[in-house]
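Engineer: Got a structure here, written out as structure tokens. Questions coming.
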Amino acid sequence: MRITKLLLLCSILSTLAVAQSSSSSEETPKLQHFDPQQADRSLDPCLDFYKYSCQKWFSANPIPADQVVWGTGSGLNIWNLNVSRETMDLAAAKKSGRSQIEQQVGDYWSACMDEKGIDAAALRDLAPELQRIAAIKDKAGIMDEVAHLHKTLPAAWEGGNNQTNAPLFGFGSSQDLDDASLVILSIDQGGLALPSRDFYIKEDAKSVEIRNKYQAHVRKMFELSGESKEDAAKNADIVMMMETALAKPQMDNVSRRDPKKLNNKFSLEQLQALTPSLNWKRYIELVDAPATHHYIVSSPDFFKALNQLLDEHPLDHWKTYLRWHLLHESAPYLSAAFVDENFNFYGHTLSGTQQLQPRWRRCVRAADRDLGEVLGQAYVARAFPPESKQRVVDLVHDIETALDQDIKSLDWMSPKTKEEALKKRQGVEDKIGYPNKWRDYSSLKITSDSYLHNVHASTAFEFKRQLDKVGKPVDRGEWGMTPPTINAYYDPQLNTINFPAGILQPPYFDKQYDPSVNYGSIGAVIGHEIIHGFDDEGRQFDAAGNLRDWWSADDSKAYDDRGKCIADEYTQDIPEAGPGVKQNGRLTQGEDTADNGGTRLALMALEAALKKEGKSLDDKGDDGWTNRQRFFLSFANSWCDQMRPEALRTLVLTNPHSFPKYRVNNTLANMPEFQQAFGCKKGQPMAHENACRVW
Ligand SMILES: [Zn+2]
């Protein structure tokens, strides 16, 4: 969505991978189940456990032409899309007596699937939007148009944790960092259509090549909107110049992981003094934002530079820039020519995909964004029975108990800090499957006439919903992901862990699985999210979600030493992403800490659960594997993901999650429990000499 939230929800998966993935098969696929025989026993598990666990699957399941990522969870992804598709098909086919929900879902679907109608109407629907920009008379009008675009178009591309992709800047509501009970307005850097500032600044051959292709793409988009070849080329130069100037003053993605650096409070007068050329009063009036206690400006330096750019560049440059963002963010909802050109750059050049996904899947994904909690109700009814929910609730409790034990047993933490840590852990609220109260979409008007107009209406609805939260009590029950989503997250300011029904399915979870398989897969996911409350970023927040230091100086230093071990370990070359591409361990430190701690918690919880039944980790099953081995095989299996090198390169540069191969191998190479399971010797690749451990 267009909305900016100061802090990123700490999720288990990269949005890049999830947003793009699904298959070319048109039939509802069977859900893939964990199969321990998938391990390649001809390989040495102590050399590369990821290969040992995943290679056979990869060889049998090459990436389909329309996919960025293809892994053991991809079948589930298509299955989930199909469930929503069936809901929409039924609603669209119903001729009379439709409920309001059926009308919204059915008409959204009809408008989106009507490819011929969209081809015919695209320029008609776009024309008034282009005219608005052409009619801007002076620089004051720029802010009016920015307000309009913010209210009408969702971001076309999620760029990791670098910035919002909204034109010029992002605007939304957030919990105050010092007082999480207060919802205020927040303003964030933005304005780029490439995934991050690095894409404009880096000078290596691949970066230059991508920029050249990007510029060609911008030119073609201008041509499609009716500009002459000559004008389009000139305007693409202007866009490149403007976005590069906006990229340079942006806060980098490692700094943005430090909430203290984002915590800059401004009154409206101070904000106006910071950026005299941006008329905030006018913008606030146009987007109808409520009065706020104060504003948080994530990166004041960016806004100072933006102000200067507004003064320096002529109005025509800004009109060109705004026209580009209008075209860019409208492209997925326009005619085939726009859709294809948009895919050509973002799908093919940036992500390496060969072929556009079928229309129905693109429509389901857009509907999930715009009507997610309506479709989610049908998904839950179909895919997440109460028995499954109860089993997951029990799993979460077991893993929370493991963290309590872990905290109590740490030799590097003082009793006082332990007390605070336990208080924070006990304050975590567990949210499983779906919201207790469904979102009310009744004021959202959807018709079967125009896909673009439906997207405009949905964006305006969501923008208003976000702004309406300002000044009101915080709603801890709200969800940041829809029920069919295959992902999970920790929210540091609500202090909640959230597991949508979409990931509580095979291969990640099944109420029929034996405990070692469930704990190795969904158990490690649950542990990952709980540990986010205690990673290098999460540990800076207290039980109430306030940015407050509850650590003694000595404990803090002991933590940082342990965290540095992780950050150094994950700072490594990623040859799979191309020559010279290196992971920055300081960008991925929080996720890597969560992987390491979460997997350990899941194993502790499994051991305790087995003990209750009079069993042990080293008992052998019928298949010849011990429970301990099955746990690690299940863990690795849940991460078998092949990714195209282009997408992997983008991921490494922008995303706080490590490449799945290292999420498995580095985590396990730090665990003596793993080495015990497979007989690995210190110094072998899967048994690091200097093993890191935070939690
Ligand atoms: Zn995470």
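Each chain in the structure tokens gets a letter, A, B, ..., in the order shown, and its residues are numbered from 1; ligands are numbered from 1 in order too.
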Taking only C-alpha atoms and all ligand atoms and a cut-off of 10 Å, can you tell me which residues surround ligand 1, written as a list in words?

Structural biologist: Leu9, Cys10, Ser11, Ile12, Leu13, Ser14, Asn487, Ala488, Tyr489, Tyr490, Val525, Ile526, Gly527, His528, Glu529, Ile530, Ile531, His532, Asp535, Thr588, Gly590, Glu591, Asp592, Thr593, Ala594, Asp595, Gly598, Pro656 and His657 of chain A

Engineer: Go ahead and save the picked residues with N, CA and C atoms, as an mmCIF file, in the first residue's frame.

Structural biologist:
data_model
loop_
_atom_site.group_PDB
_atom_site.id
_atom_site.type_symbol
_atom_site.label_atom_id
_atom_site.label_comp_id
_atom_site.auth_asym_id
_atom_site.auth_seq_id
_atom_site.Cartn_x
_atom_site.Cartn_y
_atom_site.Cartn_z
ATOM 1 N N LEU A 9 7.461 -4.254 9.687
ATOM 2 C CA LEU A 9 7.071 -5.439 10.434
ATOM 3 C C LEU A 9 8.162 -6.476 10.207
ATOM 4 N N CYS A 10 8.613 -7.118 11.281
ATOM 5 C CA CYS A 10 9.716 -8.067 11.133
ATOM 6 C C CYS A 10 9.165 -9.405 10.705
ATOM 7 N N SER A 11 9.252 -9.697 9.412
ATOM 8 C CA SER A 11 8.598 -10.876 8.866
ATOM 9 C C SER A 11 9.579 -12.020 8.718
ATOM 10 N N ILE A 12 9.057 -13.168 8.314
ATOM 11 C CA ILE A 12 9.915 -14.346 8.128
ATOM 12 C C ILE A 12 10.435 -14.399 6.696
ATOM 13 N N LEU A 13 9.665 -13.865 5.743
ATOM 14 C CA LEU A 13 10.064 -13.949 4.343
ATOM 15 C C LEU A 13 10.261 -12.560 3.762
ATOM 16 N N SER A 14 11.034 -12.500 2.687
ATOM 17 C CA SER A 14 11.180 -11.237 1.981
ATOM 18 C C SER A 14 9.917 -10.977 1.181
ATOM 19 N N ASN A 487 3.352 -16.025 5.242
ATOM 20 C CA ASN A 487 4.370 -15.213 5.892
ATOM 21 C C ASN A 487 3.965 -15.096 7.351
ATOM 22 N N ALA A 488 4.752 -14.424 8.147
ATOM 23 C CA ALA A 488 4.454 -14.196 9.566
ATOM 24 C C ALA A 488 5.250 -12.979 9.985
ATOM 25 N N TYR A 489 4.857 -12.318 11.084
ATOM 26 C CA TYR A 489 5.625 -11.144 11.499
ATOM 27 C C TYR A 489 5.521 -10.866 12.985
ATOM 28 N N TYR A 490 6.499 -10.097 13.440
ATOM 29 C CA TYR A 490 6.491 -9.539 14.793
ATOM 30 C C TYR A 490 6.308 -8.037 14.643
ATOM 31 N N VAL A 525 9.622 -21.091 12.612
ATOM 32 C CA VAL A 525 9.031 -19.806 12.194
ATOM 33 C C VAL A 525 8.504 -19.053 13.423
ATOM 34 N N ILE A 526 7.819 -19.776 14.300
ATOM 35 C CA ILE A 526 7.281 -19.151 15.521
ATOM 36 C C ILE A 526 8.439 -18.621 16.378
ATOM 37 N N GLY A 527 9.471 -19.463 16.543
ATOM 38 C CA GLY A 527 10.639 -19.025 17.317
ATOM 39 C C GLY A 527 11.268 -17.785 16.702
ATOM 40 N N HIS A 528 11.360 -17.762 15.380
ATOM 41 C CA HIS A 528 11.929 -16.616 14.655
ATOM 42 C C HIS A 528 11.184 -15.333 15.024
ATOM 43 N N GLU A 529 9.856 -15.374 14.978
ATOM 44 C CA GLU A 529 9.077 -14.156 15.255
ATOM 45 C C GLU A 529 9.212 -13.726 16.714
ATOM 46 N N ILE A 530 9.217 -14.676 17.630
ATOM 47 C CA ILE A 530 9.356 -14.315 19.046
ATOM 48 C C ILE A 530 10.718 -13.666 19.293
ATOM 49 N N ILE A 531 11.747 -14.224 18.659
ATOM 50 C CA ILE A 531 13.104 -13.675 18.855
ATOM 51 C C ILE A 531 13.205 -12.258 18.283
ATOM 52 N N HIS A 532 12.383 -11.910 17.285
ATOM 53 C CA HIS A 532 12.437 -10.541 16.755
ATOM 54 C C HIS A 532 12.232 -9.496 17.864
ATOM 55 N N ASP A 535 15.878 -9.138 18.972
ATOM 56 C CA ASP A 535 17.027 -8.984 18.070
ATOM 57 C C ASP A 535 17.609 -7.584 18.282
ATOM 58 N N THR A 588 21.214 -7.610 7.578
ATOM 59 C CA THR A 588 20.424 -8.826 7.846
ATOM 60 C C THR A 588 20.547 -9.311 9.296
ATOM 61 N N GLY A 590 19.234 -8.615 12.199
ATOM 62 C CA GLY A 590 18.012 -8.919 12.962
ATOM 63 C C GLY A 590 17.379 -10.227 12.503
ATOM 64 N N GLU A 591 17.270 -10.416 11.195
ATOM 65 C CA GLU A 591 16.670 -11.638 10.657
ATOM 66 C C GLU A 591 17.539 -12.854 10.970
ATOM 67 N N ASP A 592 18.862 -12.678 10.848
ATOM 68 C CA ASP A 592 19.767 -13.799 11.110
ATOM 69 C C ASP A 592 19.729 -14.184 12.589
ATOM 70 N N THR A 593 19.656 -13.181 13.459
ATOM 71 C CA THR A 593 19.543 -13.448 14.897
ATOM 72 C C THR A 593 18.256 -14.223 15.169
ATOM 73 N N ALA A 594 17.173 -13.820 14.491
ATOM 74 C CA ALA A 594 15.877 -14.484 14.683
ATOM 75 C C ALA A 594 15.921 -15.929 14.172
ATOM 76 N N ASP A 595 16.606 -16.154 13.033
ATOM 77 C CA ASP A 595 16.734 -17.529 12.522
ATOM 78 C C ASP A 595 17.497 -18.403 13.512
ATOM 79 N N GLY A 598 15.513 -18.615 16.934
ATOM 80 C CA GLY A 598 14.212 -19.264 16.751
ATOM 81 C C GLY A 598 14.333 -20.758 16.533
ATOM 82 N N PRO A 656 16.310 -7.123 4.187
ATOM 83 C CA PRO A 656 16.964 -7.531 5.443
ATOM 84 C C PRO A 656 16.994 -9.038 5.679
ATOM 85 N N HIS A 657 16.444 -9.836 4.751
ATOM 86 C CA HIS A 657 16.511 -11.300 4.902
ATOM 87 C C HIS A 657 17.676 -11.870 4.108
#

Engineer: Write down as an MDAnalysis selection string the residues belonging to segment 211-362 of chain A that are assigned strand (DSSP E or B) by DSSP computed on the backbone.

Structural biologist: chainID A and resid 265:266 295:297

Engineer: Any chance you could export the current selection's N, CA, C and O atoms as a short mmCIF file (atom, residue, chain, number, x, y, z; two decimals), in the first residue's frame?

Structural biologist:
data_model
loop_
_atom_site.label_atom_id
_atom_site.label_comp_id
_atom_site.auth_asym_id
_atom_site.auth_seq_id
_atom_site.Cartn_x
_atom_site.Cartn_y
_atom_site.Cartn_z
N LYS A 265 11.11 14.20 15.98
CA LYS A 265 9.79 14.81 16.19
C LYS A 265 9.77 16.24 15.67
O LYS A 265 10.70 17.01 15.91
N PHE A 266 8.69 16.59 14.99
CA PHE A 266 8.52 17.94 14.46
C PHE A 266 7.11 18.43 14.74
O PHE A 266 6.16 17.66 14.64
N TYR A 295 4.60 15.36 14.43
CA TYR A 295 4.96 14.56 13.26
C TYR A 295 6.28 13.87 13.53
O TYR A 295 7.13 14.43 14.22
N ILE A 296 6.44 12.67 12.96
CA ILE A 296 7.78 12.07 12.98
C ILE A 296 8.29 12.08 11.55
O ILE A 296 7.60 11.61 10.63
N VAL A 297 9.47 12.65 11.38
CA VAL A 297 10.09 12.73 10.06
C VAL A 297 11.29 11.79 10.09
O VAL A 297 12.26 12.01 10.82
#

Engineer: Need the shell around Ser186 of chain A: protein/DNA/RNA residues with any atom at most 10 Å away, counting only C-alpha atoms. Skip same-chain ones fewer than 6 positions apart. Format as a ChimeraX atom specification?

Structural biologist: /A:3-6,170-176,263-266,292,294-298

Engineer: Convert the current residue selection to file output with N, CA and C atoms, as a PDB file, in the first residue's frame.

Structural biologist:
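Saved as selection.pdb:
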ATOM      1  N   ILE A   3       0.832   3.505   2.051  1.00  0.00           N
ATOM      2  CA  ILE A   3       1.044   4.002   3.399  1.00  0.00           C
ATOM      3  C   ILE A   3       2.461   3.757   3.892  1.00  0.00           C
ATOM      4  N   THR A   4       2.968   4.724   4.619  1.00  0.00           N
ATOM      5  CA  THR A   4       4.274   4.519   5.218  1.00  0.00           C
ATOM      6  C   THR A   4       4.093   4.177   6.689  1.00  0.00           C
ATOM      7  N   LYS A   5       4.801   3.188   7.137  1.00  0.00           N
ATOM      8  CA  LYS A   5       4.833   2.872   8.559  1.00  0.00           C
ATOM      9  C   LYS A   5       6.305   2.997   8.925  1.00  0.00           C
ATOM     10  N   LEU A   6       6.585   3.693  10.010  1.00  0.00           N
ATOM     11  CA  LEU A   6       7.985   3.980  10.320  1.00  0.00           C
ATOM     12  C   LEU A   6       8.818   2.723  10.449  1.00  0.00           C
ATOM     13  N   GLY A 170       6.562   9.579   1.558  1.00  0.00           N
ATOM     14  CA  GLY A 170       5.460   8.787   2.081  1.00  0.00           C
ATOM     15  C   GLY A 170       4.804   9.507   3.241  1.00  0.00           C
ATOM     16  N   PHE A 171       3.510   9.260   3.422  1.00  0.00           N
ATOM     17  CA  PHE A 171       2.753   9.942   4.458  1.00  0.00           C
ATOM     18  C   PHE A 171       1.770   8.945   5.049  1.00  0.00           C
ATOM     19  N   GLY A 172       1.758   8.823   6.377  1.00  0.00           N
ATOM     20  CA  GLY A 172       0.829   7.867   6.981  1.00  0.00           C
ATOM     21  C   GLY A 172       0.793   8.012   8.479  1.00  0.00           C
ATOM     22  N   SER A 173       0.199   7.023   9.143  1.00  0.00           N
ATOM     23  CA  SER A 173       0.138   7.069  10.600  1.00  0.00           C
ATOM     24  C   SER A 173       1.059   6.006  11.177  1.00  0.00           C
ATOM     25  N   SER A 174       1.560   6.281  12.382  1.00  0.00           N
ATOM     26  CA  SER A 174       2.439   5.341  13.080  1.00  0.00           C
ATOM     27  C   SER A 174       2.224   5.502  14.570  1.00  0.00           C
ATOM     28  N   GLN A 175       2.633   4.485  15.324  1.00  0.00           N
ATOM     29  CA  GLN A 175       2.693   4.678  16.772  1.00  0.00           C
ATOM     30  C   GLN A 175       3.937   5.504  17.073  1.00  0.00           C
ATOM     31  N   ASP A 176       3.807   6.410  18.033  1.00  0.00           N
ATOM     32  CA  ASP A 176       4.970   7.197  18.421  1.00  0.00           C
ATOM     33  C   ASP A 176       6.028   6.257  18.997  1.00  0.00           C
ATOM     34  N   ASN A 263      13.682   8.592  14.786  1.00  0.00           N
ATOM     35  CA  ASN A 263      12.815   9.223  15.790  1.00  0.00           C
ATOM     36  C   ASN A 263      13.023  10.744  15.862  1.00  0.00           C
ATOM     37  N   ASN A 264      12.595  11.447  14.818  1.00  0.00           N
ATOM     38  CA  ASN A 264      12.761  12.902  14.775  1.00  0.00           C
ATOM     39  C   ASN A 264      11.395  13.577  14.829  1.00  0.00           C
ATOM     40  N   LYS A 265      11.111  14.195  15.977  1.00  0.00           N
ATOM     41  CA  LYS A 265       9.790  14.807  16.185  1.00  0.00           C
ATOM     42  C   LYS A 265       9.765  16.243  15.674  1.00  0.00           C
ATOM     43  N   PHE A 266       8.688  16.585  14.992  1.00  0.00           N
ATOM     44  CA  PHE A 266       8.517  17.938  14.458  1.00  0.00           C
ATOM     45  C   PHE A 266       7.105  18.427  14.745  1.00  0.00           C
ATOM     46  N   THR A 292      -2.587  16.087  14.677  1.00  0.00           N
ATOM     47  CA  THR A 292      -1.702  15.119  15.310  1.00  0.00           C
ATOM     48  C   THR A 292      -0.921  15.791  16.439  1.00  0.00           C
ATOM     49  N   HIS A 294       2.210  15.415  17.143  1.00  0.00           N
ATOM     50  CA  HIS A 294       3.414  15.895  16.454  1.00  0.00           C
ATOM     51  C   HIS A 294       3.604  15.025  15.215  1.00  0.00           C
ATOM     52  N   TYR A 295       4.600  15.361  14.432  1.00  0.00           N
ATOM     53  CA  TYR A 295       4.957  14.560  13.256  1.00  0.00           C
ATOM     54  C   TYR A 295       6.279  13.869  13.528  1.00  0.00           C
ATOM     55  N   ILE A 296       6.441  12.672  12.962  1.00  0.00           N
ATOM     56  CA  ILE A 296       7.782  12.070  12.983  1.00  0.00           C
ATOM     57  C   ILE A 296       8.288  12.082  11.547  1.00  0.00           C
ATOM     58  N   VAL A 297       9.473  12.654  11.384  1.00  0.00           N
ATOM     59  CA  VAL A 297      10.090  12.726  10.064  1.00  0.00           C
ATOM     60  C   VAL A 297      11.293  11.787  10.091  1.00  0.00           C
ATOM     61  N   SER A 298      11.223  10.695   9.310  1.00  0.00           N
ATOM     62  CA  SER A 298      12.253   9.648   9.405  1.00  0.00           C
ATOM     63  C   SER A 298      13.630  10.184   9.049  1.00  0.00           C
TER      64      SER A 298
END

Engineer: Distance atom CA of Gly191 of chain A-atom CA of Pro332 of chain A, one decimal place?

Structural biologist: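 About the pair atom CA of Gly191 of chain A and atom CA of Pro332 of chain A: they are 18.5 Å apart.
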
Engineer: Using only C-alpha atoms, what does the table of segment 307-360 of chain A residues within 12 Å of segment 126-129 of chain A look like, with each row giving the shortest atom pair and its distance in Å to one decimal, sorted by chain and ascending number, as a tab-separated table?

Structural biologist:
residue	atom	partner	partner_atom	distance
A:Leu322	CA	A:Glu129	CA	10.5
A:Arg323	CA	A:Glu129	CA	8.9
A:Trp324	CA	A:Glu129	CA	11.7
A:His325	CA	A:Glu129	CA	11.4
A:Leu326	CA	A:Glu129	CA	7.8
A:Leu327	CA	A:Leu126	CA	8.5
A:His328	CA	A:Leu126	CA	11.8
A:Glu329	CA	A:Leu126	CA	11.5
A:Ser330	CA	A:Leu126	CA	8.3
A:Ala331	CA	A:Leu126	CA	10.0
A:Tyr333	CA	A:Leu126	CA	10.1
A:Leu334	CA	A:Leu126	CA	8.3
A:Ser335	CA	A:Leu126	CA	10.5
A:Phe338	CA	A:Leu126	CA	11.7

Engineer: Using the selection just defined, write its residues with C-alpha atoms as a PDB file, in the first residue's frame.

Structural biologist:
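Full text of out-v2.pdb as output:
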ATOM      1  CA  LEU A 322       4.914  13.281 -11.741  1.00  0.00           C
ATOM      2  CA  ARG A 323       3.746  12.026 -15.145  1.00  0.00           C
ATOM      3  CA  TRP A 324       6.272   9.194 -14.957  1.00  0.00           C
ATOM      4  CA  HIS A 325       5.075   8.153 -11.488  1.00  0.00           C
ATOM      5  CA  LEU A 326       1.470   8.283 -12.639  1.00  0.00           C
ATOM      6  CA  LEU A 327       2.272   5.988 -15.587  1.00  0.00           C
ATOM      7  CA  HIS A 328       4.519   3.727 -13.542  1.00  0.00           C
ATOM      8  CA  GLU A 329       2.059   3.143 -10.731  1.00  0.00           C
ATOM      9  CA  SER A 330      -0.963   2.860 -13.039  1.00  0.00           C
ATOM     10  CA  ALA A 331       0.691   0.417 -15.454  1.00  0.00           C
ATOM     11  CA  TYR A 333      -4.163  -1.638 -14.243  1.00  0.00           C
ATOM     12  CA  LEU A 334      -3.905  -0.386 -17.847  1.00  0.00           C
ATOM     13  CA  SER A 335      -3.882  -2.025 -21.292  1.00  0.00           C
ATOM     14  CA  PHE A 338       1.522  -0.985 -20.446  1.00  0.00           C
TER      15      PHE A 338
END

Engineer: What is the distance, in Å and to one decimal place, between atom CA of Ala336 of chain A and atom CA of Asp119 of chain A?

Structural biologist: 6.4 Å

Engineer: Just the residues within 9 Å of Asp440 of chain A, please, counting only C-alpha atoms, with nothing from its chain fewer than 3 positions along; format it as JSON, numbers by chain.

Structural biologist: {"A": [373, 374, 443]}

Engineer: From the options A:Leu262, A:Ile399, A:Leu452, A:Ala121, which residue's atoms come nearest to Ser299 of chain A, counting only C-alpha atoms?

Structural biologist: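 Closest residue, counting only C-alpha atoms: A:Leu262.
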
Engineer: Using only C-alpha atoms, which of the listed residues (A:Lys424, A:Arg628, A:Lys260, A:Lys389) sits closest to Glu673 of chain A?

Structural biologist: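 With only C-alpha atoms as the atom set, the closest residue is A:Arg628.
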
Engineer: Which residues are near Asp368 of chain A? Cut-off 12 Å, only C-alpha atoms, ignore same chain within fewer than 2 positions. Put them as a compact mmCIF listing (two decimals) with N, CA, C and O atoms, in the first residue's frame.

Structural biologist:
# COMPACT_ATOMS: atom_id res chain seq x y z
N MET A 1 0.84 -1.20 0.00
CA MET A 1 0.00 0.00 0.00
C MET A 1 0.87 1.25 0.00
O MET A 1 2.05 1.21 0.33
N ALA A 19 5.70 -11.73 -2.99
CA ALA A 19 4.82 -10.99 -3.88
C ALA A 19 4.85 -11.53 -5.30
O ALA A 19 3.90 -11.39 -6.04
N ASN A 80 -3.40 -21.45 -2.36
CA ASN A 80 -4.05 -20.31 -1.69
C ASN A 80 -4.68 -19.35 -2.70
O ASN A 80 -5.80 -18.87 -2.51
N LEU A 81 -3.96 -19.09 -3.79
CA LEU A 81 -4.51 -18.20 -4.83
C LEU A 81 -5.78 -18.79 -5.42
O LEU A 81 -6.75 -18.09 -5.70
N VAL A 83 -7.93 -20.80 -3.97
CA VAL A 83 -9.05 -20.71 -3.03
C VAL A 83 -9.72 -19.34 -3.18
O VAL A 83 -10.95 -19.23 -3.28
N SER A 84 -8.91 -18.28 -3.23
CA SER A 84 -9.48 -16.94 -3.38
C SER A 84 -10.14 -16.77 -4.74
O SER A 84 -11.17 -16.12 -4.88
N ARG A 85 -9.53 -17.39 -5.75
CA ARG A 85 -10.11 -17.29 -7.09
C ARG A 85 -11.51 -17.89 -7.12
O ARG A 85 -12.44 -17.31 -7.70
N THR A 87 -13.62 -18.16 -4.70
CA THR A 87 -14.52 -17.24 -3.99
C THR A 87 -14.96 -16.12 -4.92
O THR A 87 -16.14 -15.74 -4.97
N MET A 88 -14.01 -15.58 -5.68
CA MET A 88 -14.31 -14.45 -6.55
C MET A 88 -15.15 -14.88 -7.74
O MET A 88 -16.09 -14.17 -8.15
N VAL A 105 -16.63 -8.17 -4.14
CA VAL A 105 -15.68 -9.18 -4.61
C VAL A 105 -15.96 -9.54 -6.07
O VAL A 105 -15.04 -9.60 -6.90
N TYR A 108 -15.16 -6.52 -8.44
CA TYR A 108 -13.71 -6.31 -8.53
C TYR A 108 -13.12 -7.33 -9.51
O TYR A 108 -12.32 -7.00 -10.38
N TRP A 109 -13.57 -8.57 -9.36
CA TRP A 109 -13.08 -9.66 -10.20
C TRP A 109 -13.47 -9.44 -11.66
O TRP A 109 -12.63 -9.54 -12.56
N ARG A 361 -4.11 -14.71 -11.75
CA ARG A 361 -3.28 -14.67 -10.53
C ARG A 361 -2.93 -13.24 -10.16
O ARG A 361 -2.86 -12.88 -8.99
N ARG A 362 -2.71 -12.41 -11.18
CA ARG A 362 -2.43 -11.00 -10.88
C ARG A 362 -3.67 -10.35 -10.25
O ARG A 362 -3.56 -9.53 -9.35
N CYS A 363 -4.85 -10.76 -10.74
CA CYS A 363 -6.09 -10.19 -10.18
C CYS A 363 -6.32 -10.65 -8.74
O CYS A 363 -6.74 -9.87 -7.90
N VAL A 364 -6.04 -11.93 -8.46
CA VAL A 364 -6.22 -12.41 -7.08
C VAL A 364 -5.29 -11.64 -6.15
O VAL A 364 -5.68 -11.22 -5.05
N ARG A 365 -4.05 -11.41 -6.61
CA ARG A 365 -3.10 -10.72 -5.74
C ARG A 365 -3.52 -9.26 -5.48
O ARG A 365 -3.40 -8.76 -4.37
N ALA A 366 -4.03 -8.61 -6.51
CA ALA A 366 -4.50 -7.23 -6.33
C ALA A 366 -5.71 -7.21 -5.39
O ALA A 366 -5.83 -6.35 -4.52
N ASP A 370 -6.45 -5.26 -1.92
CA ASP A 370 -7.53 -4.27 -1.80
C ASP A 370 -8.73 -4.74 -0.97
O ASP A 370 -9.44 -3.91 -0.41
N LEU A 371 -8.99 -6.05 -0.95
CA LEU A 371 -10.16 -6.58 -0.23
C LEU A 371 -9.76 -7.78 0.63
O LEU A 371 -10.51 -8.74 0.80
N GLY A 372 -8.55 -7.70 1.19
CA GLY A 372 -7.92 -8.87 1.80
C GLY A 372 -8.73 -9.54 2.91
O GLY A 372 -8.76 -10.76 3.00
N GLU A 373 -9.37 -8.75 3.75
CA GLU A 373 -10.06 -9.38 4.88
C GLU A 373 -11.46 -9.86 4.50
O GLU A 373 -12.11 -10.53 5.29
N VAL A 374 -11.92 -9.53 3.29
CA VAL A 374 -13.15 -10.13 2.79
C VAL A 374 -12.82 -11.52 2.24
O VAL A 374 -13.40 -12.53 2.65
N LEU A 375 -11.82 -11.57 1.35
CA LEU A 375 -11.40 -12.86 0.80
C LEU A 375 -10.88 -13.77 1.90
O LEU A 375 -11.02 -14.99 1.85
N GLY A 376 -10.26 -13.16 2.89
CA GLY A 376 -9.67 -13.93 3.99
C GLY A 376 -10.69 -14.72 4.78
O GLY A 376 -10.40 -15.81 5.27
N GLN A 377 -11.90 -14.19 4.90
CA GLN A 377 -12.93 -14.90 5.67
C GLN A 377 -13.26 -16.24 5.00
O GLN A 377 -13.39 -17.27 5.67
N ALA A 378 -13.37 -16.20 3.68
CA ALA A 378 -13.68 -17.43 2.94
C ALA A 378 -12.49 -18.40 3.03
O ALA A 378 -12.67 -19.62 3.14
N TYR A 379 -11.30 -17.85 2.99
CA TYR A 379 -10.10 -18.71 3.07
C TYR A 379 -10.05 -19.46 4.40
O TYR A 379 -9.81 -20.67 4.45
N VAL A 455 -9.10 0.43 -8.21
CA VAL A 455 -7.82 0.55 -7.48
C VAL A 455 -7.73 1.93 -6.84
O VAL A 455 -7.31 2.07 -5.68
N SER A 458 -9.98 1.84 -3.76
CA SER A 458 -9.41 1.01 -2.69
C SER A 458 -8.25 1.71 -2.00
O SER A 458 -8.09 1.63 -0.78
N MET A 481 -1.08 -8.33 7.79
CA MET A 481 -1.07 -9.28 6.67
C MET A 481 -2.45 -9.90 6.56
O MET A 481 -3.17 -10.01 7.55
N THR A 482 -2.83 -10.31 5.33
CA THR A 482 -4.15 -10.91 5.15
C THR A 482 -4.09 -12.42 5.47
O THR A 482 -3.02 -13.02 5.40
N PRO A 483 -5.24 -13.04 5.79
CA PRO A 483 -5.23 -14.45 6.20
C PRO A 483 -4.57 -15.42 5.20
O PRO A 483 -3.89 -16.34 5.64
N PRO A 484 -4.74 -15.27 3.86
CA PRO A 484 -4.11 -16.27 2.98
C PRO A 484 -2.60 -16.06 2.78
O PRO A 484 -1.98 -16.80 2.02
N THR A 485 -2.01 -15.08 3.45
CA THR A 485 -0.59 -14.77 3.22
C THR A 485 0.32 -15.86 3.78
O THR A 485 0.14 -16.32 4.90

Engineer: Can you work out the spacing between atom CA of Ala543 of chain A and atom CA of Ser255 of chain A in Å, to one decimal?

Structural biologist: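 A separation of 23.7 Å between them.
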
Engineer: So which residues touch Thr401 of chain A within 12 Å, counting only C-alpha atoms, skipping near sequence neighbours fewer than 5 positions away, as a list in words?

Structural biologist: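 Answer for this query is Asp394, Leu395, Val396, Asp406, Ile407, Lys408, Leu422, Arg425, Gln426, Gly527, Ile530, Leu601, Ala602, Met604, Ala605, Leu606, Ala608 and Ala609 of chain A.
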
Engineer: Take the residues just selected and output them with C-alpha atoms as a compact mmCIF listing (two decimals), in the first residue's frame.

Structural biologist:
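Result file is selection36.txt:
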# COMPACT_ATOMS: atom_id res chain seq x y z
CA ASP A 394 -0.18 -25.02 21.83
CA LEU A 395 2.97 -24.88 19.69
CA VAL A 396 3.32 -21.15 20.33
CA ASP A 406 16.54 -19.72 27.70
CA ILE A 407 16.47 -16.23 29.23
CA LYS A 408 16.72 -17.63 32.76
CA LEU A 422 10.84 -11.95 30.88
CA ARG A 425 8.21 -11.89 26.61
CA GLN A 426 5.16 -12.32 28.83
CA GLY A 527 10.64 -19.02 17.32
CA ILE A 530 9.36 -14.32 19.05
CA LEU A 601 13.92 -22.43 20.75
CA ALA A 602 11.96 -24.78 18.48
CA MET A 604 14.22 -26.95 22.98
CA ALA A 605 10.42 -27.00 22.78
CA LEU A 606 10.45 -30.25 20.79
CA ALA A 608 10.31 -30.85 26.16
CA ALA A 609 7.24 -32.02 24.19
